[in-house]
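File shown: entry.cif. Contents: mmCIF, C-alpha atoms.
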```
data_coords
loop_
_atom_site.label_atom_id
_atom_site.label_comp_id
_atom_site.auth_asym_id
_atom_site.auth_seq_id
_atom_site.Cartn_x
_atom_site.Cartn_y
_atom_site.Cartn_z
CA MET A 223 138.48 81.52 87.76
CA PRO A 224 138.60 85.12 86.60
CA ASN A 225 137.22 87.88 88.84
CA ALA A 226 136.44 85.58 91.76
CA PRO A 227 136.14 87.88 94.79
CA ASN A 228 139.16 87.86 97.13
CA MET A 229 140.70 84.78 95.51
CA SER A 230 143.92 86.62 94.81
CA THR A 231 144.33 87.68 98.45
CA LYS A 232 143.68 84.27 100.01
CA GLU A 233 146.84 82.81 101.46
CA ASP A 234 147.29 79.50 103.26
CA TYR A 235 149.62 78.88 106.22
CA ASP A 236 150.27 76.20 108.81
CA CYS A 237 149.78 78.76 111.55
CA ILE A 238 148.76 82.41 111.91
CA VAL A 239 149.82 84.44 114.96
CA ILE A 240 147.89 87.66 115.68
CA GLY A 241 149.86 90.32 117.58
CA ALA A 242 153.58 90.99 117.10
CA GLY A 243 154.48 91.95 120.65
CA VAL A 244 157.04 89.93 122.56
CA GLN A 245 154.80 86.86 123.07
CA GLY A 246 153.49 86.67 119.50
CA SER A 247 156.91 87.31 117.98
CA PHE A 248 158.53 84.52 120.02
CA THR A 249 155.62 82.17 119.19
CA ALA A 250 156.03 82.85 115.47
CA TYR A 251 159.81 82.36 115.78
CA GLN A 252 159.33 78.97 117.50
CA LEU A 253 156.82 77.87 114.85
CA ALA A 254 159.22 78.85 112.04
CA LYS A 255 162.01 76.96 113.84
CA ASN A 256 159.72 73.93 113.67
CA ASN A 257 159.41 74.41 109.89
CA LYS A 258 155.82 75.65 110.04
CA ARG A 259 154.76 78.13 107.38
CA THR A 260 153.86 81.00 109.69
CA LEU A 261 152.23 84.40 109.26
CA LEU A 262 152.62 87.03 111.99
CA LEU A 263 149.93 89.75 111.78
CA GLU A 264 150.17 93.13 113.52
CA GLN A 265 147.50 95.85 113.45
CA PHE A 266 149.99 98.74 113.76
CA VAL A 267 153.01 99.56 111.63
CA LEU A 268 156.13 98.19 113.37
CA PRO A 269 157.82 99.25 115.56
CA HIS A 270 155.15 100.95 117.70
CA SER A 271 154.58 102.01 121.31
CA ARG A 272 150.87 101.32 121.65
CA GLY A 273 150.90 97.99 123.44
CA SER A 274 152.96 96.37 126.21
CA SER A 275 156.26 95.37 124.54
CA HIS A 276 157.86 98.73 123.74
CA GLY A 277 160.47 100.72 125.68
CA GLN A 278 164.16 100.10 126.01
CA THR A 279 164.34 98.03 129.19
CA ARG A 280 162.62 95.38 131.32
CA ILE A 281 163.71 93.60 134.49
CA ILE A 282 164.65 89.92 134.23
CA ARG A 283 164.53 88.09 137.58
CA LYS A 284 163.94 84.79 139.34
CA ALA A 285 162.59 86.55 142.46
CA TYR A 286 158.96 85.38 142.67
CA GLU A 287 156.60 84.21 145.38
CA GLN A 288 155.60 81.13 143.33
CA ASP A 289 157.93 78.22 142.58
CA PHE A 290 156.52 77.71 139.09
CA TYR A 291 157.65 81.15 137.88
CA THR A 292 161.12 80.81 139.43
CA GLN A 293 161.48 77.38 137.80
CA MET A 294 160.28 78.61 134.39
CA MET A 295 162.78 81.46 134.54
CA GLU A 296 165.66 78.98 134.66
CA GLU A 297 164.96 78.00 131.04
CA CYS A 298 164.11 81.59 130.05
CA TYR A 299 167.65 82.71 130.85
CA GLN A 300 169.00 79.88 128.64
CA LEU A 301 166.66 80.81 125.77
CA TRP A 302 167.58 84.52 125.95
CA SER A 303 171.25 83.58 125.89
CA GLN A 304 170.64 81.25 122.91
CA LEU A 305 168.97 84.10 120.98
CA GLU A 306 171.88 86.43 121.80
CA LYS A 307 174.34 83.88 120.35
CA GLU A 308 172.18 83.11 117.32
CA ALA A 309 171.77 86.79 116.37
CA ASN A 310 175.09 88.01 117.78
CA VAL A 311 173.29 90.76 119.75
CA LYS A 312 173.53 91.73 123.43
CA LEU A 313 170.03 91.55 124.96
CA TYR A 314 170.74 91.21 128.71
CA ARG A 315 172.87 93.01 131.26
CA ARG A 316 173.33 91.48 134.68
CA THR A 317 172.78 94.02 137.46
CA GLY A 318 171.26 92.00 140.28
CA LEU A 319 167.82 92.75 141.75
CA LEU A 320 167.48 94.32 145.20
CA VAL A 321 164.30 93.09 146.95
CA MET A 322 163.13 95.14 149.93
CA GLY A 323 160.08 94.62 152.12
CA PRO A 324 158.86 94.19 155.71
CA GLU A 325 161.22 91.51 157.08
CA ASN A 326 158.40 89.46 158.57
CA GLY A 327 155.81 90.30 155.92
CA GLN A 328 154.32 87.46 153.90
CA GLN A 329 155.45 88.67 150.46
CA TYR A 330 159.09 89.25 151.39
CA GLN A 331 159.28 85.93 153.22
CA LEU A 332 157.69 84.06 150.28
CA ILE A 333 160.15 85.55 147.77
CA LYS A 334 163.09 84.76 150.04
CA SER A 335 162.01 81.16 150.70
CA THR A 336 161.19 80.50 147.02
CA LEU A 337 164.64 81.71 145.96
CA GLN A 338 166.36 79.64 148.65
CA ARG A 339 164.28 76.51 147.94
CA ASN A 340 165.17 76.73 144.23
CA HIS A 341 168.88 77.31 144.93
CA VAL A 342 168.94 80.73 143.28
CA PRO A 343 172.12 82.58 144.28
CA ILE A 344 171.12 85.39 146.64
CA VAL A 345 172.87 87.73 149.04
CA LEU A 346 171.08 88.71 152.25
CA LEU A 347 171.95 92.28 153.27
CA PRO A 348 171.92 92.80 157.04
CA ARG A 349 170.56 96.21 158.03
CA LYS A 350 173.87 97.43 159.51
CA GLU A 351 175.73 96.67 156.25
CA PHE A 352 172.97 97.79 153.88
CA SER A 353 174.24 101.30 153.09
CA GLN A 354 177.77 99.98 152.41
CA HIS A 355 176.37 97.79 149.64
CA ILE A 356 173.53 100.02 148.45
CA PRO A 357 174.36 103.70 148.97
CA HIS A 358 171.74 106.47 148.57
CA VAL A 359 168.79 104.21 149.45
CA ASN A 360 166.92 104.37 152.78
CA LEU A 361 165.76 101.03 154.14
CA SER A 362 162.72 101.48 156.41
CA ASP A 363 162.69 100.20 159.99
CA GLY A 364 161.74 96.54 160.12
CA GLU A 365 162.56 95.94 156.46
CA GLY A 366 164.67 93.12 155.09
CA ALA A 367 166.77 93.28 151.95
CA LEU A 368 168.22 90.65 149.63
CA VAL A 369 169.76 90.59 146.17
CA ASP A 370 168.80 88.09 143.44
CA THR A 371 172.28 88.14 141.90
CA THR A 372 171.38 86.63 138.51
CA ALA A 373 168.78 89.32 137.74
CA GLY A 374 169.31 92.23 135.41
CA VAL A 375 168.03 94.33 132.54
CA LEU A 376 166.65 93.10 129.22
CA TYR A 377 166.95 95.46 126.25
CA ALA A 378 163.30 95.22 125.26
CA ASP A 379 163.08 97.10 121.93
CA ARG A 380 166.24 95.39 120.73
CA ALA A 381 164.95 91.98 121.84
CA LEU A 382 161.70 92.44 119.95
CA LYS A 383 163.43 93.51 116.76
CA THR A 384 165.94 90.65 117.06
CA VAL A 385 163.33 87.90 117.40
CA GLN A 386 161.28 89.36 114.51
CA ASP A 387 164.42 89.47 112.33
CA GLN A 388 165.27 85.85 113.23
CA PHE A 389 161.70 84.79 112.42
CA GLN A 390 161.99 86.39 108.98
CA LYS A 391 165.40 84.78 108.37
CA LEU A 392 163.70 81.43 108.99
CA GLY A 393 161.21 82.23 106.20
CA GLY A 394 158.47 83.65 108.43
CA ILE A 395 156.22 86.39 107.07
CA ILE A 396 155.27 89.56 109.00
CA LYS A 397 152.39 91.67 107.76
CA ASP A 398 152.06 94.84 109.82
CA GLY A 399 149.49 97.61 109.52
CA GLN A 400 146.83 94.89 109.13
CA LYS A 401 144.06 95.01 111.70
CA VAL A 402 142.08 91.78 112.03
CA THR A 403 138.42 92.36 111.26
CA ASP A 404 137.09 88.80 111.49
CA ILE A 405 138.02 85.28 112.61
CA LYS A 406 136.05 82.27 111.37
CA PRO A 407 136.83 79.15 113.42
CA GLY A 408 136.87 75.73 111.80
CA ALA A 409 139.22 72.89 110.89
CA VAL A 410 140.89 75.60 108.85
CA VAL A 411 140.68 79.00 110.57
CA THR A 412 140.00 82.01 108.32
CA VAL A 413 141.37 85.38 109.41
CA SER A 414 140.28 88.56 107.60
CA THR A 415 142.17 91.83 107.84
CA SER A 416 141.85 95.25 106.29
CA SER A 417 144.05 93.99 103.42
CA GLY A 418 143.46 90.29 102.88
CA VAL A 419 142.08 86.93 103.91
CA TYR A 420 144.39 84.31 105.37
CA ARG A 421 143.77 80.67 106.30
CA ALA A 422 145.64 78.31 108.57
CA LYS A 423 145.36 74.97 110.33
CA SER A 424 145.93 76.73 113.65
CA LEU A 425 145.71 80.23 115.08
CA VAL A 426 147.51 81.81 118.04
CA ILE A 427 146.05 85.00 119.54
CA THR A 428 148.62 87.12 121.42
CA ALA A 429 146.96 90.50 121.11
CA GLY A 430 147.64 92.01 124.54
CA PRO A 431 145.03 94.67 125.38
CA TRP A 432 143.03 93.72 122.27
CA ALA A 433 142.66 90.02 123.23
CA ASN A 434 138.95 90.18 124.11
CA THR A 435 138.14 92.21 120.98
CA LEU A 436 139.51 89.35 118.87
CA LEU A 437 138.09 86.60 121.08
CA SER A 438 134.60 88.07 120.64
CA HIS A 439 134.72 86.65 117.07
CA THR A 440 135.08 83.18 118.64
CA GLY A 441 132.36 83.50 121.29
CA LEU A 442 134.72 83.80 124.24
CA GLN A 443 135.45 86.59 126.72
CA LEU A 444 138.13 86.36 129.39
CA PRO A 445 138.15 88.36 132.66
CA LEU A 446 140.89 90.72 131.46
CA LYS A 447 141.31 94.33 132.55
CA VAL A 448 143.44 96.82 130.62
CA LEU A 449 145.39 99.25 132.80
CA LYS A 450 147.33 102.33 131.74
CA ILE A 451 150.65 102.48 133.55
CA ASN A 452 152.61 105.69 133.96
CA VAL A 453 156.26 104.82 133.29
CA CYS A 454 158.17 107.49 135.22
CA TYR A 455 161.79 108.60 134.97
CA TRP A 456 163.34 110.55 137.88
CA LYS A 457 166.36 112.84 137.70
CA GLU A 458 169.48 112.07 139.71
CA LYS A 459 170.51 115.05 141.86
CA VAL A 460 174.11 114.08 141.11
CA PRO A 461 174.58 112.31 137.74
CA GLY A 462 175.64 108.69 138.16
CA LEU A 463 174.30 108.06 141.70
CA TYR A 464 172.04 105.23 140.50
CA ASP A 465 173.84 104.41 137.26
CA VAL A 466 174.00 100.96 135.65
CA ALA A 467 177.72 101.58 134.96
CA GLY A 468 178.20 102.23 138.69
CA ARG A 469 176.73 98.76 139.34
CA PHE A 470 173.48 100.03 140.83
CA PRO A 471 170.94 97.15 140.71
CA CYS A 472 167.33 96.93 139.61
CA PHE A 473 165.00 96.89 142.60
CA VAL A 474 161.55 95.82 143.72
CA GLN A 475 159.91 97.09 146.88
CA VAL A 476 157.08 94.98 148.27
CA ALA A 477 154.44 96.43 150.63
CA SER A 478 155.89 99.73 151.82
CA LYS A 479 154.30 102.40 154.01
CA GLU A 480 153.85 104.61 150.92
CA ALA A 481 152.65 101.94 148.49
CA LYS A 482 150.44 98.87 149.02
CA LEU A 483 151.58 97.27 145.75
CA HIS A 484 155.07 96.76 144.31
CA VAL A 485 157.27 99.68 143.35
CA TYR A 486 160.04 98.70 140.95
CA GLY A 487 162.97 100.46 139.35
CA LEU A 488 165.88 100.09 136.95
CA PRO A 489 169.23 101.86 137.16
CA SER A 490 169.74 104.97 135.01
CA ASN A 491 170.61 103.76 131.53
CA GLU A 492 168.18 104.54 128.70
CA TYR A 493 167.94 108.26 129.55
CA PRO A 494 171.34 109.30 131.01
CA GLY A 495 170.86 110.78 134.47
CA LEU A 496 167.28 109.49 134.80
CA MET A 497 166.18 106.42 136.75
CA LYS A 498 163.03 104.50 135.82
CA VAL A 499 160.84 103.92 138.89
CA CYS A 500 157.21 102.76 138.48
CA TYR A 501 154.22 101.62 140.49
CA HIS A 502 152.95 98.15 139.55
CA MET A 503 149.40 99.39 139.07
CA GLY A 504 147.40 101.81 136.96
CA SER A 505 143.86 102.81 136.08
CA GLU A 506 141.51 100.92 133.81
CA THR A 507 141.44 102.21 130.25
CA ASN A 508 140.27 101.50 126.72
CA PRO A 509 143.41 100.67 124.67
CA ASP A 510 142.09 102.69 121.73
CA GLU A 511 141.38 105.76 123.88
CA ARG A 512 144.17 105.59 126.43
CA ASP A 513 144.85 109.34 126.43
CA MET A 514 141.42 109.96 127.92
CA GLN A 515 142.70 108.22 131.07
CA THR A 516 144.54 110.95 133.01
CA ASP A 517 144.67 109.49 136.54
CA ARG A 518 147.98 110.36 138.22
CA SER A 519 147.37 108.89 141.68
CA ASP A 520 150.15 106.34 141.05
CA ILE A 521 152.60 109.23 140.43
CA GLU A 522 151.65 110.80 143.77
CA ILE A 523 152.37 107.47 145.52
CA LEU A 524 155.74 107.28 143.75
CA GLN A 525 156.63 110.85 144.72
CA ARG A 526 156.08 110.03 148.40
CA TYR A 527 158.01 106.76 148.05
CA ILE A 528 160.99 108.36 146.31
CA ALA A 529 161.18 111.25 148.78
CA ALA A 530 161.37 108.71 151.62
CA HIS A 531 163.68 106.06 150.07
CA PHE A 532 165.74 107.56 147.24
CA PRO A 533 167.22 110.82 148.57
CA GLY A 534 169.44 111.16 145.49
CA LEU A 535 166.47 111.57 143.11
CA VAL A 536 164.42 114.72 142.50
CA PRO A 537 160.95 113.56 143.70
CA VAL A 538 159.11 114.90 140.64
CA PRO A 539 159.12 112.81 137.43
CA ALA A 540 161.22 114.32 134.62
CA VAL A 541 159.66 112.12 131.91
CA VAL A 542 156.36 110.18 131.96
CA GLU A 543 155.64 107.59 129.26
CA THR A 544 152.81 105.07 129.14
CA CYS A 545 152.49 101.33 128.85
CA LEU A 546 149.45 99.06 128.97
CA TYR A 547 149.06 96.06 131.28
CA THR A 548 146.41 93.43 130.56
CA VAL A 549 145.69 91.81 133.91
CA THR A 550 143.84 88.70 135.05
CA PRO A 551 142.07 88.49 138.45
CA ASP A 552 144.97 86.43 139.90
CA ASP A 553 147.82 88.12 137.95
CA HIS A 554 148.75 84.78 136.35
CA PHE A 555 148.97 84.40 132.57
CA VAL A 556 146.50 82.72 130.22
CA LEU A 557 148.21 80.00 128.15
CA ASP A 558 145.58 77.62 126.81
CA CYS A 559 143.56 76.31 123.90
CA HIS A 560 140.16 77.84 123.22
CA PRO A 561 137.54 75.81 125.16
CA THR A 562 135.50 75.23 121.97
CA TYR A 563 138.11 75.28 119.18
CA SER A 564 141.24 73.31 120.02
CA ASN A 565 143.17 74.74 117.05
CA ILE A 566 142.85 78.30 118.43
CA VAL A 567 145.47 79.00 121.11
CA ILE A 568 145.42 81.97 123.47
CA GLY A 569 148.31 83.76 125.16
CA ALA A 570 146.95 86.68 127.20
CA GLY A 571 146.76 88.45 130.55
CA PHE A 572 150.51 88.80 131.11
CA SER A 573 149.64 91.21 133.94
CA GLY A 574 152.70 93.43 133.66
CA HIS A 575 155.27 90.69 134.30
CA GLY A 576 155.39 88.64 131.11
CA PHE A 577 158.16 90.15 128.97
CA LYS A 578 161.05 88.19 130.48
CA PHE A 579 159.14 84.93 129.89
CA GLY A 580 158.76 85.67 126.14
CA PRO A 581 161.11 82.98 124.76
CA LEU A 582 159.52 80.27 126.90
CA ILE A 583 155.94 81.44 126.33
CA GLY A 584 156.65 81.33 122.59
CA LYS A 585 157.78 77.73 122.97
CA LEU A 586 154.71 76.77 125.07
CA LEU A 587 152.18 78.43 122.72
CA CYS A 588 153.92 76.74 119.78
CA GLU A 589 153.58 73.35 121.56
CA LEU A 590 149.87 73.99 122.26
CA SER A 591 149.22 75.01 118.65
CA GLN A 592 150.84 71.81 117.39
CA GLY A 593 148.84 69.60 119.78
CA GLU A 594 151.98 68.61 121.69
CA VAL A 595 152.19 68.01 125.43
CA PRO A 596 153.48 71.30 126.90
CA SER A 597 156.95 71.27 128.50
CA TYR A 598 155.53 72.67 131.77
CA ASP A 599 152.44 72.11 133.90
CA LEU A 600 150.11 74.79 132.58
CA SER A 601 147.38 74.34 135.22
CA PRO A 602 148.05 77.80 136.79
CA PHE A 603 147.47 79.31 133.34
CA ARG A 604 144.36 77.46 132.16
CA ILE A 605 141.13 79.27 131.28
CA ARG A 606 139.02 76.93 133.41
CA ARG A 607 140.31 78.58 136.60
CA PHE A 608 138.03 81.54 135.88
CA GLN A 609 135.00 79.16 135.79
CA ALA A 610 131.79 81.17 135.37
CA GLN A 611 133.64 84.37 134.38
CA SER A 612 134.75 83.04 131.01
CA LYS A 613 131.51 81.27 130.00
CA SER A 614 130.98 81.25 126.26
CA ALA A 615 129.60 84.56 125.03
CA LEU A 616 127.71 82.97 122.14
#
```

Show this structure as structure tokens.
Amino acid sequence: MPNAPNMSTKEDYDCIVIGAGVQGSFTAYQLAKNNKRTLLLEQFVLPHSRGSSHGQTRIIRKAYEQDFYTQMMEECYQLWSQLEKEANVKLYRRTGLLVMGPENGQQYQLIKSTLQRNHVPIVLLPRKEFSQHIPHVNLSDGEGALVDTTAGVLYADRALKTVQDQFQKLGGIIKDGQKVTDIKPGAVVTVSTSSGVYRAKSLVITAGPWANTLLSHTGLQLPLKVLKINVCYWKEKVPGLYDVAGRFPCFVQVASKEAKLHVYGLPSNEYPGLMKVCYHMGSETNPDERDMQTDRSDIEILQRYIAAHFPGLVPVPAVVETCLYTVTPDDHFVLDCHPTYSNIVIGAGFSGHGFKFGPLIGKLLCELSQGEVPSYDLSPFRIRRFQAQSKSAL
């Protein structure tokens, strides 16, 4: 048929994945491993720093209040290790994770009991021995401390590039710089972008802060909030005090006098002489206009926290970068099929703690998209838990 509109740009796939962050890239990789003809679409040119998967490092840990996360992490470690072997790339460095918090506080006790119940190797640090093990950190009165010894640092940028490369080696196709402009549900889903029209038997949406924008084409809105996080790096007064090479661990501080929510940090590594310490909270923003959000109240909290607990750091950030969190009301992920269209699968709301789960989330979203029974109980991650909040928008 000569001159038929758009015929030349129509392409058919088994599955299309929208969003090439860590979750979408691992989903596409799993689909390709299962011999599915898969297209991975990304609105920005790769690599980019406009979503939630950029930056050099992330913490990997089993320290959680909920059993289901700790149990899922068991397989995540295996899958990360498998990818390292497959691609012959180092993606993880074991450092341990120091957890500090009010000894009798609910959060600290929950983390401790979850780790013990799941037989995760931990070391409890008695107050009188604390500074021997962890120099240059002040533990507040009444605080407990433990180390999740299997935890460490994931090399995030490298991990993302590695999984995308492996996906392409398996025959997968990445089209970046293609913003999705329309989604037409049906037995075959049609996805239109700025450059073409693509069709597939199933669709996976892993679009981070842009999830609801895409879901609006399918008559669904989820209770997701997009937060701008200030990622702060703090200068060591003496180079090497908190260095990864000096075996300084990652840390998470729950419920301190200075900060209601978690403060977390990673040893100096990506910027020599600078330690990454962040507050697990930010201010609501529009992902396309993030620079209009200039709230720095989280930095003020961090300055007070660092002055009190990390005497070896200059309590003024040397570098401030930004990252976006897409959070759900309960901070648990969304891993589910669309309530109306079972061949549209949604991975969203990773709430600032999803990166380390990437290999497993990819596997679970792949299972959902193929109509298989998921390997884990996904009830904590189902859309129905939001009830009235996620009523169809049509």

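Between A:Val385 and the residues A:Ser362, A:Gln592, A:Asn310, A:Asn491, the shortest atom-to-atom distance, using all atoms listed in the file, involves A:Asn310.
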
Seminar exercise, completed: Counting all atoms listed in the file, the residue among A:Gln475, A:Ser335, A:Gln388, A:Gln300 that lies closest to A:Gln252 is A:Gln388

Problem set entry | Residue IDs satisfying the PyMOL selection byres ((chain A and resi 235-243) around 9), as a ChimeraX atom specification | /A:233-234,244-250,253,258-265,268,273-276,382,386,396,398,402,411,413,420-430,432,591

Radius query 9 Å about (162.5, 87.3, 140.4), atoms used: only C-alpha atoms, as a compact mmCIF listing (two decimals) with C-alpha atoms, keeping the file's coordinate frame:
```txt
# COMPACT_ATOMS: atom_id res chain seq x y z
CA ILE A 281 163.71 93.60 134.49
CA ILE A 282 164.65 89.92 134.23
CA ARG A 283 164.53 88.09 137.58
CA LYS A 284 163.94 84.79 139.34
CA ALA A 285 162.59 86.55 142.46
CA TYR A 286 158.96 85.38 142.67
CA GLU A 287 156.60 84.21 145.38
CA TYR A 291 157.65 81.15 137.88
CA THR A 292 161.12 80.81 139.43
CA MET A 295 162.78 81.46 134.54
CA LEU A 319 167.82 92.75 141.75
CA VAL A 321 164.30 93.09 146.95
CA ILE A 333 160.15 85.55 147.77
CA LEU A 337 164.64 81.71 145.96
CA ASP A 370 168.80 88.09 143.44
CA ALA A 373 168.78 89.32 137.74
```

Problem set entry | Residues matched by the PyMOL selection byres ((chain A and resi 434-439) around 10) as a PyMOL selection string | chain A and resi 240+402-407+427-433+440-447+560+566+568+570+614-616

Next, write the just-selected residues to a file, as a CSV table (one decimal), in the frame of the given file, keeping C-alpha atoms as the atom set.
```csv
chain,number,residue,atom,x,y,z
A,240,ILE,CA,147.9,87.7,115.7
A,402,VAL,CA,142.1,91.8,112.0
A,403,THR,CA,138.4,92.4,111.3
A,404,ASP,CA,137.1,88.8,111.5
A,405,ILE,CA,138.0,85.3,112.6
A,406,LYS,CA,136.0,82.3,111.4
A,407,PRO,CA,136.8,79.2,113.4
A,427,ILE,CA,146.0,85.0,119.5
A,428,THR,CA,148.6,87.1,121.4
A,429,ALA,CA,147.0,90.5,121.1
A,430,GLY,CA,147.6,92.0,124.5
A,431,PRO,CA,145.0,94.7,125.4
A,432,TRP,CA,143.0,93.7,122.3
A,433,ALA,CA,142.7,90.0,123.2
A,440,THR,CA,135.1,83.2,118.6
A,441,GLY,CA,132.4,83.5,121.3
A,442,LEU,CA,134.7,83.8,124.2
A,443,GLN,CA,135.4,86.6,126.7
A,444,LEU,CA,138.1,86.4,129.4
A,445,PRO,CA,138.2,88.4,132.7
A,446,LEU,CA,140.9,90.7,131.5
A,447,LYS,CA,141.3,94.3,132.6
A,560,HIS,CA,140.2,77.8,123.2
A,566,ILE,CA,142.8,78.3,118.4
A,568,ILE,CA,145.4,82.0,123.5
A,570,ALA,CA,147.0,86.7,127.2
A,614,SER,CA,131.0,81.2,126.3
A,615,ALA,CA,129.6,84.6,125.0
A,616,LEU,CA,127.7,83.0,122.1
```

For this session: Find, counting all atoms listed in the file, the residue in A:Leu587, A:Ile528, A:Val466, A:Leu346 that gets nearest to A:Leu368.
Result: A:Leu346

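Remark: for A:Arg280, the closest of the candidate residues A:Trp456, A:Phe473, A:Tyr330, A:Tyr464 is A:Phe473 (distances computed over all atoms listed in the file).
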
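Shortest separation to A:Tyr314 among A:Thr279, A:Asn360, A:Thr336, A:Ser601 occurs at residue A:Thr279, atoms counted being only C-alpha atoms.
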